[in-house]
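Colleague: Dropping the structure in here first, questions after.
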Amino acid sequence: MRHGNFSEQTDTPVNWRILRHLVPYLRHSRGRVTVAMLCLLAAKGAILVIPFLLKQLVDSLEGASSATLLTSVLLGLVLAYGAARFANVLFAELRDTIFGRVTERAMREIGLRVFRHVHSLDLEYHLNRRTGGLARDIERGVTGVSFLLRFFVFNIAPTLFEIAMVAGILLFNYGPGFAGITLVSVFLYGWFSLRATEWRTRFVREMNEADSNSNTRAVDSLLNFETVRYFNNEDFEARRYDSELQKWELARRRNRLSLFGLNGGQALIIAVSQTAMIGLAAWRVREGSLSLGDFILINQFMIQLFMPLGFLGFVFREIKGSMANIEQMFALLRLQPTVTDAPGAPALAVQRGRIEFNRVSFAYDPARPILHDVSFVIEPGQKVAVVGASGAGKSTLVKLLFRFYDPDGGRILIDGQDIRGVTQATLRAAIGIVPQDTVLFNDTIFENVRYGNPRATDAAVEEAIRLAHLDAFIDGLPEGGATLVGERGLKLSGGERQRVSIARTILKRPPILVFDEATSSLDSRSEQAILDALREISREHTSLVIAHRLSTVIDAQAIVVLHQGVVAETGTHRELLAAGGRYAALWQAQQQREG
């Protein structure tokens with residue numbers, strides 16, 4: 001599968017079909033949506049009544065014959081006007097409050113869906129992803145969904161409804177001239193806004209990409225803070241970051257200038273339309289065909305109409321920007337992992353823990369094969385080591401066993417079950433690993449150990465810490481197990497991180513154990529202590545050991561020697577030394593280096 005980079009943006013029009021993905025989130029809360037829509041109608045009804053109340057108020061002032069009648073009418077109209085204003089604000093606030101729950105729940109559900117989906121993507125995607133850009137794209141996408149749900153439902157549709165109502169009222173009461181000006185101005189405004197916004201969408205996308213790239217550069221540099229310091233490259237990193245910020249600045253400038261053009265054109269259309277409407281109304285008042293109250297009513301309608309219409313332009317621009325944002329998020333959701341569970345796949349049933357690599361072949365790139373026809377068996381409770389030079393394919397065997405990738409040829413069997421035919425969750429639950437490079441969460445030592453089994457009791461965590469010979473180190477810390485390890489565990493040494501990883505795997509207690517050069521960061525004394533603990537916990541377990549230091553696997557029941565992706569030799573430590581082949585040569589070379 002070629003994932004590509006889902007943050008890459010093109011000048012293609014925004015895909016409005018994305019809106020259909022939001023319908024289920026409204027359907028889940030149909031009751032709240034219905035109540036919110038009723039509040040919306042009540043608010044719009046109140047705002048449409050206000051111009052008529054102003055007309056009656058003005059006409060009453062102009063034509064009342066008695067002071068008593070004038071006072072009572074004015075009091076009633078003023079109170080009615082105040083009630084209409086209050087009702088408009090009250091129902092609008094109720095609408096926002098009720099619908100806010102819908103948008104918040106949708107943001108939560110979509111955010112969780114994206115989070116789960118990213119975790120479901122295979123290792124190839126995660127090796128190529130840009131962490132900072134990915135986080136920013138997801139953040140903008142989730143925020144864009146909230147904006148779309150709220151403003152598409154409560155601004156665009158209601159504004160169109162209000163336009164239709166105002167045009168109908170003006171046509172019915174004052175003739176086609178006023179209605180015609182209204183419809184023509186709305187059409188011109190909508191046409192211009194649509195064309196101009198489509199034109200400037202590419203500037204929004206350029207700005208977003210520049211924002212993601214600068215964020216990616218900053219996060220990548222901060223994650224590798226020690227490397228930056230080792231090579232004294234703070235200025236180099238600052239220059240690279242500033243280069244990305246310069247692109248972001250230019251993109252922002254283009255976006256701002258295009259926005260100026262859009263706002264200027266919209267303002268011109270509104271000004272001409274209002275001028276034409278007020279001019280026609282003033283002419284009709286002078287002719288005597290309209291009262292002063294009618295003039296106020298028409299003027300009020302124009303104000304009320306173009307206020308949401310002007311806001312509609314902002315909403316439309318923001319919706320287009322939001323669509324450009326969530327387009328990237330839904331592009332991510334469309335990515336499918338190459339490693340998937342077969343339909344109806346059963347759970348892995350581990351009875352004895354026998355592992356078989358049966359003629360396994362694999363290549364990350366077809367032009368560069370990694371494994372070719374690799375076959376060996378790990379019997380239940382047996383410890384089998386895989387050794388060989390760097391690049392021989394040792395760690396690739398671990399990735400295939402965990403189903404981060406599927407073999408190009410051959411099969412991997414656990415108790416006779418092809419691992420491609422069982423669920424990935426149960427497969428990985430049955431295997432514990434101590435990796436060569438241990439990365440910890442920015443949490444306490446205690447919680448990092450508990451990660452091996454989040455449901456474990458404190459006593460079980462403490463026992464795992466003791467078995468990993470981590471207790472003496474923890475006891476020497478001022479805050480003990482509550483000590484924060486820092487981002488990626490950088491506050492701990494490599495050996496300390498590896499002990500945490502070992503304790504984590506001990507806590508998991510899986511039937512199958514994998515040690516990928518598990519003691520590579522330990523000194524000789526610590527290594528021996530850890531090896532004793534690993535022998536103890538793996539006594540009843542099937543164990544696969546990937547080893548560079550041969551002295552750590554001399555007790556293995558079988559040692560598989562890989563050379564350029566092919567099984568070169570198999571046997572015990574004594575048998576392989578006696579054979580005088582590649583293993584014996586590796587052993588001699590290591591003995592000379594250590595001697």
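Ligands are numbered from 1 in the order shown, residues from 1 within each chain, and chains are lettered A, B, ... in the order they appear in the structure tokens.
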Hey, what's within 12 Å of A:Gly279 if we count only C-alpha atoms and toss same-chain stuff fewer than 3 positions away? As a ChimeraX atom specification, please?
Modeller: /A:177-178,181,271-276,282-286,295,298-299
Colleague: Between atom CA of A:Leu544 and atom CA of A:Gly409, what is the distance in Å, rounded to a tenth?
Modeller: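 Atom-to-atom, atom CA of A:Leu544 to atom CA of A:Gly409, that is 20.9 Å.
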Colleague: Hey, what's within 9 Å of A:Ala389 if we count only C-alpha atoms and toss same-chain stuff fewer than 4 positions away? As a list in words, please?
Modeller: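 After dropping sequence-adjacent residues, the list is Gly393, Lys394, His548, Leu562, His563, Gln564 and Leu586 of chain A.
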Colleague: Convert the current residue selection to file output with N, CA and C atoms, as a compact mmCIF listing (two decimals), in the first residue's frame.
Modeller:
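Result went into out03.txt, see below:
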```
# COMPACT_ATOMS: atom_id res chain seq x y z
N GLY A 393 18.36 -9.62 8.94
CA GLY A 393 16.92 -9.84 8.96
C GLY A 393 16.39 -10.31 10.30
N LYS A 394 17.19 -10.20 11.36
CA LYS A 394 16.78 -10.72 12.68
C LYS A 394 15.54 -10.00 13.20
N HIS A 548 22.68 -9.92 19.59
CA HIS A 548 23.92 -9.51 18.95
C HIS A 548 25.10 -10.02 19.78
N LEU A 562 21.45 -16.42 10.97
CA LEU A 562 20.99 -15.81 9.72
C LEU A 562 22.15 -15.12 9.03
N HIS A 563 22.21 -15.28 7.70
CA HIS A 563 23.22 -14.59 6.90
C HIS A 563 22.57 -14.14 5.61
N GLN A 564 22.45 -12.81 5.45
CA GLN A 564 21.84 -12.23 4.25
C GLN A 564 20.45 -12.80 4.00
N LEU A 586 31.80 -15.62 14.34
CA LEU A 586 31.23 -14.52 15.11
C LEU A 586 31.65 -14.61 16.57
```
Colleague: For A:Met107, which residue out of A:Val434, A:Leu57, A:Ile138, A:Ile474 is the nearest one, using only C-alpha atoms?
Modeller: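 Smallest distance to A:Met107 is found for A:Ile138.
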Colleague: Identify which of the residues A:Ser193, A:Gln328, A:Thr159, A:Gln382 lies closest to A:Glu139, counting only C-alpha atoms when measuring atom-to-atom distances.
Modeller: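 Once distances to A:Glu139 are computed over only C-alpha atoms, the minimum belongs to A:Gln328.
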Colleague: Please return as a ChimeraX atom specification: the residues of stretch 395-452 of chain A that backbone DSSP assigns to strand (DSSP E).
Modeller: /A:409-414,417-418,431-434
Colleague: Compile the contact shell of A:Ile559 as a PyMOL selection string: residues with an atom at most 6 Å away, counting only C-alpha atoms, same-chain residues fewer than 5 positions apart removed.
Modeller: chain A and resi 384-386+570-572
Colleague: Could you pull the residues within 12 Å of A:Leu550, counting only C-alpha atoms, minus those fewer than 5 positions along the same chain, as a JSON list (two decimals) with C-alpha atoms, in the first residue's frame?
Modeller:
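New file result18.json:
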```json
[["chain", "number", "residue", "atom", "x", "y", "z"],
["A", 385, "ALA", "CA", 18.03, -17.51, 19.62],
["A", 386, "VAL", "CA", 18.48, -15.86, 16.24],
["A", 387, "VAL", "CA", 21.91, -14.36, 15.63],
["A", 388, "GLY", "CA", 23.76, -12.86, 12.70],
["A", 389, "ALA", "CA", 25.40, -9.74, 11.41],
["A", 517, "GLU", "CA", 18.63, -7.56, 22.06],
["A", 519, "THR", "CA", 20.31, -6.45, 27.36],
["A", 520, "SER", "CA", 22.15, -4.40, 24.77],
["A", 545, "VAL", "CA", 15.70, -14.16, 21.46],
["A", 555, "ASP", "CA", 22.04, -21.53, 27.11],
["A", 556, "ALA", "CA", 19.51, -21.49, 24.25],
["A", 559, "ILE", "CA", 20.54, -21.04, 17.84],
["A", 560, "VAL", "CA", 19.57, -19.99, 14.30],
["A", 561, "VAL", "CA", 22.31, -18.19, 12.37],
["A", 572, "THR", "CA", 23.25, -25.48, 20.06],
["A", 573, "HIS", "CA", 26.14, -23.27, 21.13],
["A", 576, "LEU", "CA", 27.86, -24.58, 16.22],
["A", 577, "LEU", "CA", 31.28, -23.95, 17.72],
["A", 583, "TYR", "CA", 28.67, -18.80, 14.30],
["A", 584, "ALA", "CA", 32.13, -19.91, 15.35],
["A", 585, "ALA", "CA", 33.65, -16.97, 13.43],
["A", 586, "LEU", "CA", 31.23, -14.52, 15.11],
["A", 587, "TRP", "CA", 32.04, -16.01, 18.51],
["A", 588, "GLN", "CA", 35.77, -15.70, 18.00],
["A", 589, "ALA", "CA", 35.44, -12.09, 16.79],
["A", 590, "GLN", "CA", 33.37, -11.12, 19.86],
["A", 591, "GLN", "CA", 35.70, -12.90, 22.27],
["A", 594, "GLU", "CA", 35.75, -8.31, 24.70]]
```
Colleague: Counting only C-alpha atoms, which residue out of A:Leu38, A:Val49, A:Val142, A:Ala87 sits closest to A:Ala324?
Modeller: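 Smallest distance to A:Ala324 is found for A:Val142.
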Colleague: Give me the residues within 8 Å of A:Asp415 as number ranges by chain, counting only C-alpha atoms and dropping any in the same chain fewer than 6 places off.
Modeller: A: 349-355
Colleague: One decimal, in Å: what's the spacing between atom CA of A:Arg428 and atom CA of A:Glu462?
Modeller: 23.8 Å
Colleague: Using only C-alpha atoms, can you tell me which of A:Ser212, A:Gln246, A:Ser60, A:Thr444 comes closest to A:Thr483?
Modeller: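 The closest residue to A:Thr483 is A:Thr444.
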Colleague: Please provide as a PyMOL selection string all residues within 12 Å of A:Arg108, with the sequence filter that same-chain residues fewer than 5 positions apart are discarded (counting only C-alpha atoms).
Modeller: chain A and resi 25+101-103+113-115+139+142-143+145-146
Colleague: Write the residues of the preceding selection, restricted to C-alpha atoms, as an mmCIF file, in the first residue's frame.
Modeller:
```
data_model
loop_
_atom_site.group_PDB
_atom_site.id
_atom_site.type_symbol
_atom_site.label_atom_id
_atom_site.label_comp_id
_atom_site.auth_asym_id
_atom_site.auth_seq_id
_atom_site.Cartn_x
_atom_site.Cartn_y
_atom_site.Cartn_z
ATOM 1 C CA TYR A 25 -23.623 12.519 14.107
ATOM 2 C CA ARG A 101 -24.027 19.265 23.187
ATOM 3 C CA VAL A 102 -24.471 17.825 19.698
ATOM 4 C CA THR A 103 -21.285 19.428 18.337
ATOM 5 C CA ARG A 113 -12.507 7.552 15.545
ATOM 6 C CA VAL A 114 -9.467 9.235 13.996
ATOM 7 C CA PHE A 115 -7.298 8.277 16.988
ATOM 8 C CA GLU A 139 -6.826 19.211 15.358
ATOM 9 C CA VAL A 142 -12.014 18.101 14.347
ATOM 10 C CA THR A 143 -12.478 21.855 14.915
ATOM 11 C CA VAL A 145 -16.344 19.533 11.924
ATOM 12 C CA SER A 146 -17.702 21.534 14.867
#
```
Colleague: Could you pull out the alpha helix (DSSP H) residues of stretch 451-546 of chain A, going by DSSP on the backbone, and write them as a VMD selection string?
Modeller: chain A and resid 458 to 467 471 to 475 494 to 508 524 to 537
Colleague: Hey, can you spit out that residue selection with N, CA and C atoms as a compact mmCIF listing (two decimals), in the first residue's frame?
Modeller:
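out08.txt, written as the output of this step:
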```txt
# COMPACT_ATOMS: atom_id res chain seq x y z
N ASP A 458 -1.27 -2.68 42.22
CA ASP A 458 0.01 -2.08 42.62
C ASP A 458 1.00 -3.15 43.07
N ALA A 459 0.48 -4.17 43.77
CA ALA A 459 1.36 -5.24 44.25
C ALA A 459 1.99 -5.98 43.08
N ALA A 460 1.20 -6.22 42.02
CA ALA A 460 1.73 -6.91 40.84
C ALA A 460 2.79 -6.07 40.14
N VAL A 461 2.57 -4.78 40.09
CA VAL A 461 3.56 -3.88 39.47
C VAL A 461 4.85 -3.89 40.28
N GLU A 462 4.73 -3.84 41.59
CA GLU A 462 5.92 -3.86 42.44
C GLU A 462 6.68 -5.17 42.31
N GLU A 463 5.97 -6.29 42.16
CA GLU A 463 6.64 -7.57 41.96
C GLU A 463 7.39 -7.60 40.64
N ALA A 464 6.79 -7.05 39.58
CA ALA A 464 7.46 -6.98 38.28
C ALA A 464 8.71 -6.12 38.37
N ILE A 465 8.63 -5.02 39.11
CA ILE A 465 9.79 -4.15 39.30
C ILE A 465 10.91 -4.91 40.03
N ARG A 466 10.54 -5.71 41.02
CA ARG A 466 11.54 -6.48 41.77
C ARG A 466 12.21 -7.52 40.87
N LEU A 467 11.42 -8.24 40.07
CA LEU A 467 11.97 -9.26 39.20
C LEU A 467 12.87 -8.67 38.12
N ASP A 471 14.10 -2.33 41.51
CA ASP A 471 13.69 -1.80 42.80
C ASP A 471 14.78 -0.99 43.49
N ALA A 472 16.03 -1.44 43.38
CA ALA A 472 17.11 -0.70 44.03
C ALA A 472 17.27 0.68 43.42
N PHE A 473 17.16 0.76 42.11
CA PHE A 473 17.25 2.05 41.42
C PHE A 473 16.12 2.98 41.85
N ILE A 474 14.89 2.44 41.91
CA ILE A 474 13.73 3.25 42.28
C ILE A 474 13.85 3.72 43.73
N ASP A 475 14.32 2.85 44.63
CA ASP A 475 14.46 3.23 46.03
C ASP A 475 15.45 4.38 46.22
N GLY A 494 19.88 4.52 29.15
CA GLY A 494 19.43 3.45 28.28
C GLY A 494 19.17 2.16 29.05
N GLY A 495 20.07 1.83 29.99
CA GLY A 495 19.89 0.63 30.78
C GLY A 495 18.67 0.70 31.68
N GLU A 496 18.41 1.87 32.25
CA GLU A 496 17.24 2.03 33.12
C GLU A 496 15.95 1.92 32.32
N ARG A 497 15.95 2.50 31.13
CA ARG A 497 14.77 2.36 30.28
C ARG A 497 14.53 0.90 29.93
N GLN A 498 15.62 0.17 29.67
CA GLN A 498 15.47 -1.23 29.28
C GLN A 498 14.93 -2.06 30.45
N ARG A 499 15.34 -1.74 31.67
CA ARG A 499 14.80 -2.46 32.82
C ARG A 499 13.31 -2.18 33.00
N VAL A 500 12.90 -0.93 32.74
CA VAL A 500 11.47 -0.62 32.79
C VAL A 500 10.72 -1.46 31.76
N SER A 501 11.30 -1.59 30.57
CA SER A 501 10.68 -2.40 29.52
C SER A 501 10.58 -3.86 29.93
N ILE A 502 11.63 -4.35 30.58
CA ILE A 502 11.63 -5.75 31.04
C ILE A 502 10.55 -5.94 32.11
N ALA A 503 10.47 -5.01 33.05
CA ALA A 503 9.43 -5.10 34.08
C ALA A 503 8.04 -5.04 33.46
N ARG A 504 7.88 -4.23 32.46
CA ARG A 504 6.59 -4.11 31.76
C ARG A 504 6.19 -5.45 31.14
N THR A 505 7.14 -6.13 30.53
CA THR A 505 6.86 -7.41 29.89
C THR A 505 6.62 -8.50 30.94
N ILE A 506 7.37 -8.45 32.05
CA ILE A 506 7.13 -9.40 33.14
C ILE A 506 5.70 -9.26 33.65
N LEU A 507 5.24 -8.02 33.76
CA LEU A 507 3.88 -7.77 34.26
C LEU A 507 2.83 -8.34 33.31
N LYS A 508 3.10 -8.29 32.01
CA LYS A 508 2.14 -8.81 31.03
C LYS A 508 1.99 -10.32 31.13
N SER A 524 27.93 -5.40 32.19
CA SER A 524 28.05 -6.86 32.35
C SER A 524 27.39 -7.34 33.62
N ARG A 525 27.55 -6.60 34.74
CA ARG A 525 26.97 -7.03 36.00
C ARG A 525 25.45 -6.98 35.95
N SER A 526 24.92 -5.87 35.48
CA SER A 526 23.46 -5.75 35.36
C SER A 526 22.91 -6.76 34.37
N GLU A 527 23.66 -6.98 33.28
CA GLU A 527 23.22 -7.93 32.27
C GLU A 527 23.04 -9.32 32.87
N GLN A 528 23.98 -9.74 33.69
CA GLN A 528 23.90 -11.08 34.27
C GLN A 528 22.70 -11.20 35.20
N ALA A 529 22.46 -10.13 35.99
CA ALA A 529 21.31 -10.14 36.89
C ALA A 529 19.99 -10.21 36.11
N ILE A 530 19.92 -9.43 35.03
CA ILE A 530 18.71 -9.43 34.21
C ILE A 530 18.53 -10.78 33.53
N LEU A 531 19.62 -11.35 33.03
CA LEU A 531 19.54 -12.66 32.36
C LEU A 531 19.02 -13.71 33.32
N ASP A 532 19.46 -13.66 34.57
CA ASP A 532 18.96 -14.62 35.57
C ASP A 532 17.46 -14.46 35.76
N ALA A 533 17.00 -13.19 35.82
CA ALA A 533 15.57 -12.94 35.98
C ALA A 533 14.80 -13.40 34.75
N LEU A 534 15.35 -13.14 33.56
CA LEU A 534 14.67 -13.55 32.33
C LEU A 534 14.60 -15.08 32.23
N ARG A 535 15.65 -15.74 32.65
CA ARG A 535 15.61 -17.21 32.64
C ARG A 535 14.51 -17.72 33.57
N GLU A 536 14.37 -17.03 34.70
CA GLU A 536 13.36 -17.45 35.67
C GLU A 536 11.95 -17.29 35.11
N ILE A 537 11.67 -16.11 34.50
CA ILE A 537 10.30 -15.87 34.04
C ILE A 537 10.00 -16.60 32.73
```
